[in-house]
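Peer 1: So here's query.csv, just CSV, C-alpha atoms and all ligand atoms:
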chain,number,residue,atom,x,y,z
A,1213,MET,CA,-65.2,-90.3,-45.5
A,1214,ALA,CA,-61.9,-90.0,-47.3
A,1215,ILE,CA,-59.5,-87.6,-45.7
A,1216,ASN,CA,-58.9,-85.7,-48.9
A,1217,GLU,CA,-62.6,-85.5,-49.9
A,1218,GLY,CA,-62.6,-81.7,-49.6
A,1219,ALA,CA,-59.6,-81.5,-51.9
A,1220,GLU,CA,-61.3,-83.7,-54.5
A,1221,ILE,CA,-64.4,-81.4,-54.4
A,1222,LEU,CA,-62.1,-78.5,-55.0
A,1223,SER,CA,-60.6,-80.2,-58.1
A,1224,GLU,CA,-64.1,-80.5,-59.5
A,1225,PHE,CA,-64.5,-76.8,-59.2
A,1226,SER,CA,-61.3,-76.2,-61.2
A,1227,LYS,CA,-62.9,-78.0,-64.1
A,1228,THR,CA,-65.9,-75.7,-63.8
A,1229,VAL,CA,-63.7,-72.6,-63.6
A,1230,ASP,CA,-61.6,-73.7,-66.6
A,1231,THR,CA,-64.7,-74.4,-68.7
A,1232,ILE,CA,-66.2,-71.0,-67.9
A,1233,ARG,CA,-63.0,-69.1,-68.6
A,1234,GLY,CA,-62.6,-71.0,-71.8
A,1235,ARG,CA,-65.8,-69.4,-73.0
A,1236,LEU,CA,-65.0,-65.8,-72.0
A,1237,PRO,CA,-62.8,-63.0,-73.3
A,1238,ALA,CA,-60.0,-62.3,-70.9
A,1239,LYS,CA,-61.6,-59.0,-69.7
A,1240,LEU,CA,-64.5,-61.1,-68.2
A,1241,HIS,CA,-62.4,-63.8,-66.6
A,1242,THR,CA,-62.5,-62.3,-63.1
A,1243,PRO,CA,-65.9,-60.8,-62.3
A,1244,LEU,CA,-65.8,-58.7,-59.1
A,1245,ILE,CA,-69.5,-58.7,-58.4
A,1246,GLY,CA,-72.0,-61.6,-58.5
A,1247,ILE,CA,-75.7,-61.2,-58.8
A,1248,VAL,CA,-78.3,-63.9,-58.1
A,1249,CYS,CA,-81.7,-63.2,-59.8
A,1250,GLY,CA,-84.7,-64.3,-57.8
A,1251,SER,CA,-88.1,-65.5,-59.2
A,1252,GLY,CA,-89.2,-63.3,-62.0
A,1253,LEU,CA,-86.1,-61.1,-61.7
A,1254,SER,CA,-83.8,-62.2,-64.4
A,1255,GLY,CA,-84.3,-58.8,-66.1
A,1256,LEU,CA,-81.7,-57.6,-63.6
A,1257,ALA,CA,-79.1,-58.7,-66.1
A,1258,ALA,CA,-80.7,-56.6,-68.9
A,1259,SER,CA,-78.2,-53.8,-68.9
A,1260,ILE,CA,-75.1,-56.0,-68.8
A,1261,ARG,CA,-72.8,-54.9,-71.7
A,1262,ASP,CA,-70.6,-57.2,-73.9
A,1263,LYS,CA,-72.7,-60.0,-72.5
A,1264,VAL,CA,-71.7,-63.6,-72.8
A,1265,GLU,CA,-74.3,-66.2,-71.6
A,1266,ILE,CA,-73.2,-69.7,-70.7
A,1267,PRO,CA,-76.1,-72.2,-70.3
A,1268,TYR,CA,-76.0,-74.2,-67.0
A,1269,ASP,CA,-76.1,-77.5,-68.9
A,1270,GLU,CA,-72.7,-76.6,-70.5
A,1271,ILE,CA,-71.1,-75.9,-67.1
A,1272,PRO,CA,-69.7,-79.0,-65.2
A,1273,GLY,CA,-71.2,-79.3,-61.7
A,1274,PHE,CA,-74.2,-77.0,-62.4
A,1275,GLY,CA,-77.8,-78.2,-62.0
A,1276,ARG,CA,-80.9,-77.0,-63.9
A,1277,SER,CA,-83.6,-74.8,-62.4
A,1278,THR,CA,-87.1,-76.2,-62.9
A,1279,VAL,CA,-89.0,-73.2,-61.6
A,1280,ALA,CA,-91.0,-70.8,-63.7
A,1281,GLY,CA,-89.4,-67.4,-63.7
A,1282,HIS,CA,-85.9,-68.8,-63.4
A,1283,GLY,CA,-83.5,-68.9,-66.4
A,1284,ASN,CA,-80.7,-71.4,-66.8
A,1285,ALA,CA,-77.6,-69.5,-67.7
A,1286,LEU,CA,-74.8,-67.4,-66.2
A,1287,ALA,CA,-74.5,-64.0,-67.8
A,1288,PHE,CA,-71.1,-62.4,-67.8
A,1289,GLY,CA,-70.3,-58.8,-68.9
A,1290,LEU,CA,-69.7,-55.2,-67.8
A,1291,LEU,CA,-72.0,-53.1,-65.7
A,1292,GLY,CA,-72.2,-49.4,-64.8
A,1293,ARG,CA,-70.3,-46.3,-66.0
A,1294,ASP,CA,-66.9,-47.8,-65.2
A,1295,GLY,CA,-67.6,-51.1,-66.8
A,1296,ILE,CA,-67.2,-53.4,-63.8
A,1297,PRO,CA,-67.0,-57.1,-64.7
A,1298,VAL,CA,-70.0,-58.9,-63.2
A,1299,VAL,CA,-71.6,-62.4,-63.4
A,1300,ALA,CA,-75.3,-63.0,-62.9
A,1301,MET,CA,-77.1,-66.3,-62.2
A,1302,LEU,CA,-80.3,-65.9,-64.3
A,1303,GLY,CA,-82.0,-68.5,-62.2
A,1304,ARG,CA,-81.2,-70.4,-59.0
A,1305,PHE,CA,-81.5,-73.9,-57.6
A,1306,HIS,CA,-83.9,-74.5,-54.7
A,1307,PRO,CA,-83.7,-77.4,-52.3
A,1308,TYR,CA,-87.4,-78.1,-52.8
A,1309,GLU,CA,-86.7,-78.9,-56.5
A,1310,GLY,CA,-84.8,-81.9,-55.2
A,1311,HIS,CA,-81.3,-80.5,-55.6
A,1312,PRO,CA,-78.8,-81.5,-53.0
A,1313,MET,CA,-77.5,-78.6,-51.0
A,1314,SER,CA,-74.1,-79.0,-52.7
A,1315,THR,CA,-75.8,-78.2,-56.0
A,1316,VAL,CA,-77.8,-75.3,-54.5
A,1317,VAL,CA,-74.6,-73.5,-53.5
A,1318,TYR,CA,-72.3,-74.8,-56.3
A,1319,PRO,CA,-72.6,-71.6,-58.4
A,1320,ILE,CA,-71.9,-69.4,-55.3
A,1321,ARG,CA,-68.6,-71.3,-54.7
A,1322,THR,CA,-67.8,-71.0,-58.4
A,1323,PHE,CA,-68.3,-67.3,-58.1
A,1324,ALA,CA,-65.8,-67.1,-55.3
A,1325,LEU,CA,-63.2,-69.1,-57.2
A,1326,LEU,CA,-63.7,-66.8,-60.2
A,1327,GLY,CA,-62.8,-63.9,-58.0
A,1328,VAL,CA,-66.2,-62.4,-57.0
A,1329,LYS,CA,-65.8,-60.2,-53.9
A,1330,ASN,CA,-69.3,-58.8,-53.4
A,1331,ILE,CA,-72.5,-60.7,-54.1
A,1332,ILE,CA,-76.0,-59.2,-54.4
A,1333,ILE,CA,-78.6,-61.9,-53.9
A,1334,THR,CA,-82.2,-61.2,-54.8
A,1335,ASN,CA,-85.5,-63.1,-54.2
A,1336,ALA,CA,-89.2,-62.8,-54.2
A,1337,ALA,CA,-90.7,-63.1,-50.7
A,1338,GLY,CA,-94.0,-63.0,-48.8
A,1339,SER,CA,-94.5,-60.2,-46.2
A,1340,LEU,CA,-95.2,-61.2,-42.6
A,1341,ASN,CA,-95.1,-57.6,-41.5
A,1342,PRO,CA,-98.3,-55.6,-42.1
A,1343,LYS,CA,-96.1,-52.4,-42.4
A,1344,ILE,CA,-94.2,-53.9,-45.4
A,1345,PRO,CA,-96.6,-53.9,-48.4
A,1346,VAL,CA,-96.4,-55.7,-51.7
A,1347,GLY,CA,-93.8,-54.0,-54.0
A,1348,THR,CA,-91.4,-53.0,-51.2
A,1349,ILE,CA,-87.8,-53.9,-51.5
A,1350,VAL,CA,-86.3,-55.2,-48.2
A,1351,THR,CA,-82.6,-55.0,-47.4
A,1352,ILE,CA,-82.1,-58.1,-45.4
A,1353,GLN,CA,-80.3,-57.5,-42.1
A,1354,ASP,CA,-80.5,-60.9,-40.5
A,1355,HIS,CA,-82.3,-64.2,-40.9
A,1356,LEU,CA,-84.2,-67.0,-39.2
A,1357,ALA,CA,-83.3,-70.3,-40.9
A,1358,LEU,CA,-85.3,-73.1,-39.4
A,1359,PRO,CA,-83.9,-75.7,-41.8
A,1360,ASN,CA,-80.3,-74.7,-40.8
A,1361,LEU,CA,-81.1,-74.9,-37.2
A,1362,THR,CA,-82.6,-78.4,-37.4
A,1363,GLY,CA,-79.5,-79.6,-39.3
A,1364,HIS,CA,-81.2,-81.0,-42.4
A,1365,LEU,CA,-80.4,-78.4,-45.0
A,1366,ASN,CA,-77.3,-76.5,-43.8
A,1367,PRO,CA,-75.0,-76.1,-46.9
A,1368,LEU,CA,-71.9,-76.6,-44.8
A,1369,LEU,CA,-72.8,-80.1,-43.7
A,1370,GLY,CA,-70.1,-82.4,-45.1
A,1371,PRO,CA,-66.4,-82.4,-45.6
A,1372,VAL,CA,-64.3,-79.3,-44.8
A,1373,LEU,CA,-63.3,-77.5,-48.0
A,1374,PRO,CA,-59.7,-76.3,-48.3
A,1375,ALA,CA,-58.8,-72.6,-48.8
A,1376,PRO,CA,-60.2,-70.2,-50.0
A,1377,PHE,CA,-63.1,-71.6,-48.1
A,1378,ASP,CA,-63.3,-70.9,-44.4
A,1379,THR,CA,-63.5,-73.2,-41.3
A,1380,ARG,CA,-66.1,-75.8,-40.5
A,1381,PHE,CA,-67.6,-73.6,-37.7
A,1382,GLN,CA,-68.6,-70.6,-39.7
A,1383,PRO,CA,-69.9,-67.6,-37.8
A,1384,ILE,CA,-72.7,-65.8,-39.6
A,1385,SER,CA,-73.5,-63.1,-37.2
A,1386,THR,CA,-72.0,-60.6,-39.6
A,1387,ALA,CA,-73.1,-62.2,-42.8
A,1388,TYR,CA,-75.2,-59.3,-44.0
A,1389,SER,CA,-72.5,-56.6,-44.8
A,1390,PHE,CA,-73.3,-53.4,-43.0
A,1391,SER,CA,-71.4,-51.3,-45.5
A,1392,LEU,CA,-73.3,-52.9,-48.5
A,1393,ARG,CA,-76.6,-52.3,-46.7
A,1394,LYS,CA,-75.7,-48.6,-46.3
A,1395,ILE,CA,-74.8,-48.4,-49.9
A,1396,ALA,CA,-78.2,-49.8,-50.8
A,1397,PHE,CA,-80.0,-47.0,-48.9
A,1398,ARG,CA,-77.6,-44.4,-50.4
A,1399,ALA,CA,-78.4,-45.8,-53.9
A,1400,ALA,CA,-82.2,-45.6,-53.3
A,1401,HIS,CA,-81.7,-42.0,-52.1
A,1402,GLU,CA,-79.7,-41.1,-55.3
A,1403,LEU,CA,-82.4,-42.7,-57.4
A,1404,GLN,CA,-84.9,-40.5,-55.6
A,1405,PHE,CA,-87.0,-43.6,-54.7
A,1406,PRO,CA,-89.7,-42.8,-52.1
A,1407,ARG,CA,-88.5,-43.6,-48.6
A,1408,SER,CA,-91.0,-46.4,-48.3
A,1409,ALA,CA,-89.7,-48.2,-51.5
A,1410,LEU,CA,-86.7,-49.7,-49.6
A,1411,THR,CA,-86.8,-50.9,-46.0
A,1412,GLU,CA,-84.8,-53.3,-43.8
A,1413,GLY,CA,-86.0,-56.6,-42.3
A,1414,ILE,CA,-85.4,-60.1,-41.3
A,1415,TYR,CA,-85.9,-63.0,-43.7
A,1416,ALA,CA,-87.3,-66.3,-42.5
A,1417,TRP,CA,-86.1,-69.2,-44.7
A,1418,VAL,CA,-88.4,-72.2,-45.1
A,1419,SER,CA,-87.9,-75.2,-47.3
A,1420,GLY,CA,-91.1,-74.8,-49.3
A,1421,PRO,CA,-92.6,-75.6,-51.8
A,1422,THR,CA,-95.8,-75.2,-49.7
A,1423,TYR,CA,-96.6,-71.6,-48.9
A,1424,GLU,CA,-97.3,-70.9,-45.2
A,1425,SER,CA,-100.4,-71.8,-43.4
A,1426,PRO,CA,-101.9,-68.8,-41.4
A,1427,ALA,CA,-100.6,-70.3,-38.1
A,1428,GLU,CA,-97.1,-70.7,-39.6
A,1429,GLY,CA,-97.2,-67.1,-40.9
A,1430,ARG,CA,-98.1,-65.9,-37.4
A,1431,PHE,CA,-95.4,-68.2,-35.8
A,1432,LEU,CA,-92.7,-66.7,-38.0
A,1433,ARG,CA,-94.0,-63.1,-37.4
A,1434,ASN,CA,-94.0,-63.7,-33.7
A,1435,GLN,CA,-90.4,-64.8,-33.9
A,1436,GLY,CA,-89.5,-61.5,-35.4
A,1437,ALA,CA,-89.3,-62.2,-39.1
A,1438,ASP,CA,-90.5,-59.6,-41.6
A,1439,VAL,CA,-90.5,-61.6,-44.9
A,1440,VAL,CA,-90.5,-65.3,-45.7
A,1441,GLY,CA,-89.1,-67.2,-48.7
A,1442,MET,CA,-87.8,-70.5,-50.0
A,1443,SER,CA,-84.2,-69.6,-51.1
A,1444,THR,CA,-81.2,-67.3,-50.5
A,1445,ILE,CA,-80.0,-68.4,-47.0
A,1446,PRO,CA,-77.9,-71.4,-48.3
A,1447,GLU,CA,-76.4,-69.0,-50.8
A,1448,VAL,CA,-75.7,-66.4,-48.0
A,1449,VAL,CA,-74.0,-69.1,-45.8
A,1450,ALA,CA,-71.9,-70.4,-48.7
A,1451,ALA,CA,-70.9,-66.9,-49.8
A,1452,LYS,CA,-69.9,-65.9,-46.3
A,1453,HIS,CA,-68.0,-69.1,-46.0
A,1454,ALA,CA,-66.2,-68.2,-49.2
A,1455,GLY,CA,-65.2,-64.8,-47.9
A,1456,MET,CA,-67.6,-62.6,-49.9
A,1457,GLU,CA,-69.4,-59.5,-48.8
A,1458,VAL,CA,-73.1,-60.2,-49.0
A,1459,LEU,CA,-76.2,-58.0,-49.8
A,1460,VAL,CA,-79.7,-59.5,-49.9
A,1461,LEU,CA,-82.6,-57.7,-51.5
A,1462,SER,CA,-86.1,-59.2,-51.2
A,1463,LEU,CA,-89.0,-58.0,-53.3
A,1464,VAL,CA,-92.3,-58.4,-51.5
A,1465,THR,CA,-94.7,-60.1,-53.9
A,1466,ASN,CA,-97.5,-61.0,-51.6
A,1467,MET,CA,-98.8,-60.6,-48.1
A,1468,VAL,CA,-98.7,-63.9,-46.1
A,1469,VAL,CA,-102.2,-64.3,-44.7
A,1470,ILE,CA,-102.3,-63.5,-41.0
A,1471,PRO,CA,-106.0,-63.2,-40.1
A,1472,ASP,CA,-106.8,-62.0,-36.6
A,1473,LYS,CA,-108.7,-65.1,-35.9
A,1474,TYR,CA,-109.8,-68.3,-37.6
A,1475,ARG,CA,-113.2,-68.5,-39.4
A,1476,SER,CA,-115.3,-70.7,-37.1
A,1477,ALA,CA,-117.5,-73.3,-38.8
A,1478,ARG,CA,-119.5,-73.7,-35.6
A,1479,GLU,CA,-120.2,-69.9,-35.3
A,1480,GLU,CA,-121.2,-69.8,-38.9
A,1481,VAL,CA,-123.6,-72.7,-38.6
A,1482,ASP,CA,-125.1,-71.2,-35.4
A,1483,ALA,CA,-125.6,-67.8,-37.2
A,1484,GLU,CA,-127.2,-69.5,-40.2
A,1485,ILE,CA,-129.6,-71.5,-37.9
A,1486,ALA,CA,-130.5,-68.3,-36.1
A,1487,GLY,CA,-131.0,-66.4,-39.4
A,1488,ILE,CA,-128.3,-63.8,-38.6
A,1489,PRO,CA,-126.7,-62.4,-41.7
A,1490,LEU,CA,-122.9,-62.7,-41.8
A,1491,PRO,CA,-120.4,-60.5,-43.6
A,1492,PRO,CA,-118.7,-62.1,-46.6
A,1493,VAL,CA,-115.4,-63.8,-45.8
A,1494,ILE,CA,-112.4,-63.3,-48.1
A,1495,GLU,CA,-110.1,-66.2,-48.0
A,1496,GLU,CA,-106.8,-65.6,-49.8
A,1497,GLU,CA,-104.4,-68.0,-51.5
A,1498,VAL,CA,-101.1,-66.9,-52.9
A,1499,THR,CA,-100.0,-68.3,-56.3
A,1500,HIS,CA,-96.6,-68.4,-58.0
A,1501,SER,CA,-98.1,-66.5,-61.0
A,1502,GLU,CA,-98.9,-63.6,-58.6
A,1503,VAL,CA,-95.3,-63.8,-57.4
A,1504,LEU,CA,-94.0,-63.6,-61.0
A,1505,GLU,CA,-96.4,-60.7,-61.9
A,1506,VAL,CA,-95.1,-58.5,-59.1
A,1507,GLY,CA,-91.5,-59.5,-60.1
A,1508,LEU,CA,-92.4,-58.2,-63.6
A,1509,ALA,CA,-94.1,-55.1,-62.4
A,1510,LYS,CA,-91.4,-54.1,-59.9
A,1511,GLY,CA,-88.4,-55.7,-61.5
A,1512,ASP,CA,-87.3,-52.5,-63.1
A,1513,ASP,CA,-87.0,-50.8,-59.7
A,1514,MET,CA,-84.9,-53.7,-58.5
A,1515,ARG,CA,-82.7,-53.5,-61.6
A,1516,LYS,CA,-82.1,-49.7,-61.2
A,1517,LEU,CA,-81.3,-50.2,-57.5
A,1518,VAL,CA,-78.8,-53.1,-58.2
A,1519,GLU,CA,-77.1,-51.0,-61.0
A,1520,LYS,CA,-76.8,-47.9,-58.8
A,1521,ILE,CA,-75.4,-50.0,-55.9
A,1522,ILE,CA,-72.8,-51.4,-58.3
A,1523,GLU,CA,-71.9,-47.9,-59.6
A,1524,LEU,CA,-71.4,-46.7,-56.0
A,1525,LEU,CA,-69.3,-49.8,-55.2
A,1526,GLY,CA,-67.1,-49.2,-58.2
A,1601,LIG,O1,-86.1,-67.9,-55.9
A,1601,LIG,P1,-87.0,-67.1,-55.1
A,1601,LIG,O2,-86.8,-67.2,-53.7
A,1601,LIG,O3,-87.0,-65.6,-55.6
A,1601,LIG,O4,-88.5,-67.6,-55.4
A,1601,LIG,C1,-89.6,-67.5,-54.6
A,1601,LIG,C2,-89.6,-68.6,-53.5
A,1601,LIG,C3,-90.2,-69.8,-54.4
A,1601,LIG,O5,-89.1,-70.3,-55.1
A,1601,LIG,C4,-91.1,-69.1,-55.3
A,1601,LIG,C5,-92.5,-69.2,-54.7
A,1601,LIG,O6,-93.4,-68.4,-55.4
A,1601,LIG,O7,-90.7,-67.7,-55.4
A,1602,LIG,N1,-92.3,-69.2,-48.3
A,1602,LIG,C1,-92.8,-68.3,-49.1
A,1602,LIG,N2,-92.0,-67.9,-50.2
A,1602,LIG,C2,-92.5,-67.0,-51.0
A,1602,LIG,N3,-92.0,-66.4,-52.1
A,1602,LIG,C3,-92.8,-65.5,-52.6
A,1602,LIG,N4,-93.9,-65.4,-51.7
A,1602,LIG,C4,-93.7,-66.3,-50.8
A,1602,LIG,C5,-94.5,-66.7,-49.6
A,1602,LIG,O1,-95.5,-66.2,-49.3
A,1602,LIG,N5,-93.9,-67.7,-48.8
Is it possible to express this structure as structure tokens?

Peer 2:
Amino acid sequence: MAINEGAEILSEFSKTVDTIRGRLPAKLHTPLIGIVCGSGLSGLAASIRDKVEIPYDEIPGFGRSTVAGHGNALAFGLLGRDGIPVVAMLGRFHPYEGHPMSTVVYPIRTFALLGVKNIIITNAAGSLNPKIPVGTIVTIQDHLALPNLTGHLNPLLGPVLPAPFDTRFQPISTAYSFSLRKIAFRAAHELQFPRSALTEGIYAWVSGPTYESPAEGRFLRNQGADVVGMSTIPEVVAAKHAGMEVLVLSLVTNMVVIPDKYRSAREEVDAEIAGIPLPPVIEEEVTHSEVLEVGLAKGDDMRKLVEKIIELLG
């Protein structure tokens, strides 16, 4: 590895930043807040004023999202009463699409170099916790990232990046900003959301694109996770590494099936032979369309919450 590889990577980012700023009026050059829209949640950018959208394929270094419910542009503009400059990713890149980790986190590092100080990352997630039903928004307080721990998908693998990025050995014990999490609950209170609409929990990151088997769902629940998803954590790690304050909001779109016990083929055949009637068995399968439907139905609550948080931050 060349000794100056990190510096070379940084010079690629300056082309990205120059291209972006070349497309924006001066008042939008330095967004203070970044937003990442999860599956079905690109409506979060609906109230951005004086909006300028830049397609990803016109930004050097950016990939292209291939997932339904994800847009392919950055939206710059002003949000809230005070007109705070913001930038939103209308869609994200997931490792399961085949993007290298450097591409997955490229927009987050670009946000940092543009001046973003606070980032609000959203996603659609499955619930592992029977007390957290579909439609709940979860403020993430911590994570369980199996792909990071096993070393295959940690976004910080590779050359050390020069300032403003942090050291190689990045602590993430404080990655989920306590003050931003408090602001989220204050915002929900001001919006008069019912108490159950926003809760806190732990996000388990898996690579996907398969949804969890029942045993995997139970495994993650037994390890203390409340929701599970296929994104976000690389962005959190890269954002913390770039010095940003991070808030993650997960919208629960489905319950991950955690039946009490497996349906037994042997018991069923024994019962059939003995002529014993059996109760009907409901086997559930999650689909991405269901995930997007809930995003559509509850996306407005998420939008109101994000806007109120930004207003309180300003
Ligand atoms: O980008 P997010 O995490 O919101 O999308 C979730 C996880 C998968 O990409 C997809 C599965 O339905 O939705
Ligand atoms: N891994 C995973 N990601 C999701 N995103 C939305 N729902 C789910 C789910 O059930 N599992």

Peer 1: Show me which residues line ligand LIG 1602 (chain A), defined as having an atom within 7 Å of a ligand atom where all atoms listed in the file count, and present them as a PyMOL selection string.

Peer 2: chain A and resi 1336-1339+1418+1420+1423-1424+1440-1442+1465-1468+1498+1503

Peer 1: Please produce an output containing C-alpha atoms for each residue in the selection, written as a compact mmCIF listing (two decimals), keeping the file's coordinate frame.

Peer 2:
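Output file out35.txt is given in full below:
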# COMPACT_ATOMS: atom_id res chain seq x y z
CA ALA A 1336 -89.20 -62.80 -54.20
CA ALA A 1337 -90.70 -63.10 -50.70
CA GLY A 1338 -94.00 -63.00 -48.80
CA SER A 1339 -94.50 -60.20 -46.20
CA VAL A 1418 -88.40 -72.20 -45.10
CA GLY A 1420 -91.10 -74.80 -49.30
CA TYR A 1423 -96.60 -71.60 -48.90
CA GLU A 1424 -97.30 -70.90 -45.20
CA VAL A 1440 -90.50 -65.30 -45.70
CA GLY A 1441 -89.10 -67.20 -48.70
CA MET A 1442 -87.80 -70.50 -50.00
CA THR A 1465 -94.70 -60.10 -53.90
CA ASN A 1466 -97.50 -61.00 -51.60
CA MET A 1467 -98.80 -60.60 -48.10
CA VAL A 1468 -98.70 -63.90 -46.10
CA VAL A 1498 -101.10 -66.90 -52.90
CA VAL A 1503 -95.30 -63.80 -57.40

Peer 1: Produce as a list of chain:residue names the set of residues near ligand LIG 1601 (chain A), where near means within 8 Å with all atoms listed in the file considered.

Peer 2: A:Cys1249, A:Gly1250, A:Ser1251, A:Gly1252, A:Leu1253, A:Val1279, A:His1282, A:Gly1303, A:Arg1304, A:Phe1305, A:His1306, A:Thr1334, A:Asn1335, A:Ala1336, A:Ala1337, A:Gly1420, A:Pro1421, A:Tyr1423, A:Gly1441, A:Met1442, A:Ser1443, A:Thr1444, A:Ser1462, A:Thr1499, A:His1500, A:Ser1501, A:Glu1502, A:Val1503, A:Leu1504

Peer 1: Given all atoms listed in the file as the basis, pick out the residue of A:Glu1523, A:Val1506, A:Leu1286, A:Gly1281 nearest to Glu1265 of chain A.

Peer 2: A:Leu1286

Peer 1: Which residues are near Lys1329 of chain A? Cut-off 9 Å, only C-alpha atoms, ignore same chain within fewer than 4 positions. Put them as a list in words.

Peer 2: Pro1243, Leu1244, Ile1245, Gly1246, Phe1323, Ala1324, Gly1455, Met1456, Glu1457 and Val1458 of chain A

Peer 1: Taking all atoms listed in the file into account, which of A:Ile1331, A:Leu1302, A:Leu1432, A:Ala1454 comes nearest Ile1384 of chain A?

Peer 2: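 Going through A:Ile1331, A:Leu1302, A:Leu1432, A:Ala1454 one by one, the smallest distance to Ile1384 of chain A is for A:Ala1454.
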
Peer 1: Could you list, as number ranges by chain, every residue within 8 Å of Thr1351 of chain A, counting only C-alpha atoms and ignoring same-chain residues fewer than 5 positions away?

Peer 2: A: 1393, 1396, 1410-1413, 1459-1462

Peer 1: Keeping only C-alpha atoms, write the selected residues to a file as a PDB file, in the frame of the given file.

Peer 2:
ATOM      1  CA  ARG A1393     -76.600 -52.300 -46.700  1.00  0.00           C
ATOM      2  CA  ALA A1396     -78.200 -49.800 -50.800  1.00  0.00           C
ATOM      3  CA  LEU A1410     -86.700 -49.700 -49.600  1.00  0.00           C
ATOM      4  CA  THR A1411     -86.800 -50.900 -46.000  1.00  0.00           C
ATOM      5  CA  GLU A1412     -84.800 -53.300 -43.800  1.00  0.00           C
ATOM      6  CA  GLY A1413     -86.000 -56.600 -42.300  1.00  0.00           C
ATOM      7  CA  LEU A1459     -76.200 -58.000 -49.800  1.00  0.00           C
ATOM      8  CA  VAL A1460     -79.700 -59.500 -49.900  1.00  0.00           C
ATOM      9  CA  LEU A1461     -82.600 -57.700 -51.500  1.00  0.00           C
ATOM     10  CA  SER A1462     -86.100 -59.200 -51.200  1.00  0.00           C
TER      11      SER A1462
END

Peer 1: Smallest atom-to-atom distance to Met1301 of chain A: which of A:Ala1219, A:Ile1266, A:Met1313, A:Ala1287, using all atoms listed in the file?

Peer 2: A:Ala1287

Peer 1: List as a list of chain:residue names the protein and nucleic acid residues near Asp1262 of chain A, meaning an atom at most 10 Å away when all atoms listed in the file are counted, but skip any in the same chain fewer than 6 places from it.

Peer 2: A:Pro1237, A:Leu1240, A:Ala1287, A:Phe1288, A:Gly1289, A:Leu1290, A:Leu1291, A:Gly1295, A:Pro1297

Peer 1: Name the residues in contact with segment 1363-1374 of chain A at a cut-off of 10 Å, using all atoms listed in the file, excluding same-chain residues fewer than 3 positions from it; report them as number ranges by chain.

Peer 2: A: 1213-1222, 1307, 1312-1318, 1357-1360, 1377-1382, 1419, 1445-1450, 1453-1454

Peer 1: I'd like the neighbourhood of segment 1268-1276 of chain A as a ChimeraX atom specification, where a residue qualifies if any of its atoms comes within 8 Å (using only C-alpha atoms), though same-chain residues fewer than 5 positions away should be ignored.

Peer 2: /A:1224-1225,1227-1228,1231-1232,1284-1286,1305,1311,1315,1318-1319

Peer 1: Using all atoms listed in the file, which of the listed residues (A:Lys1343, A:Arg1233, A:Lys1394, A:Arg1407) sits closest to Leu1325 of chain A?

Peer 2: A:Arg1233

Peer 1: Between atom CA of Asp1512 of chain A and atom CA of Ala1280 of chain A, what is the spacing in Å?

Peer 2: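 Atom CA of Asp1512 of chain A lies at a distance of 18.7 Å from atom CA of Ala1280 of chain A.
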
Peer 1: What separation in Å, quoted to one decimal, exists between atom CA of Asp1438 of chain A and atom CA of Ile1344 of chain A?

Peer 2: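 Interatomic distance, atom CA of Asp1438 of chain A to atom CA of Ile1344 of chain A: 7.8 Å.
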
Peer 1: Quick one, how far is atom CA of Leu1517 of chain A from atom CA of Gly1347 of chain A?

Peer 2: 13.5 Å

Peer 1: I need the residue nearest Phe1431 of chain A from this list: A:Ala1409, A:Lys1520, A:Leu1356, A:Val1346. Use all atoms listed in the file for the distance.

Peer 2: A:Leu1356
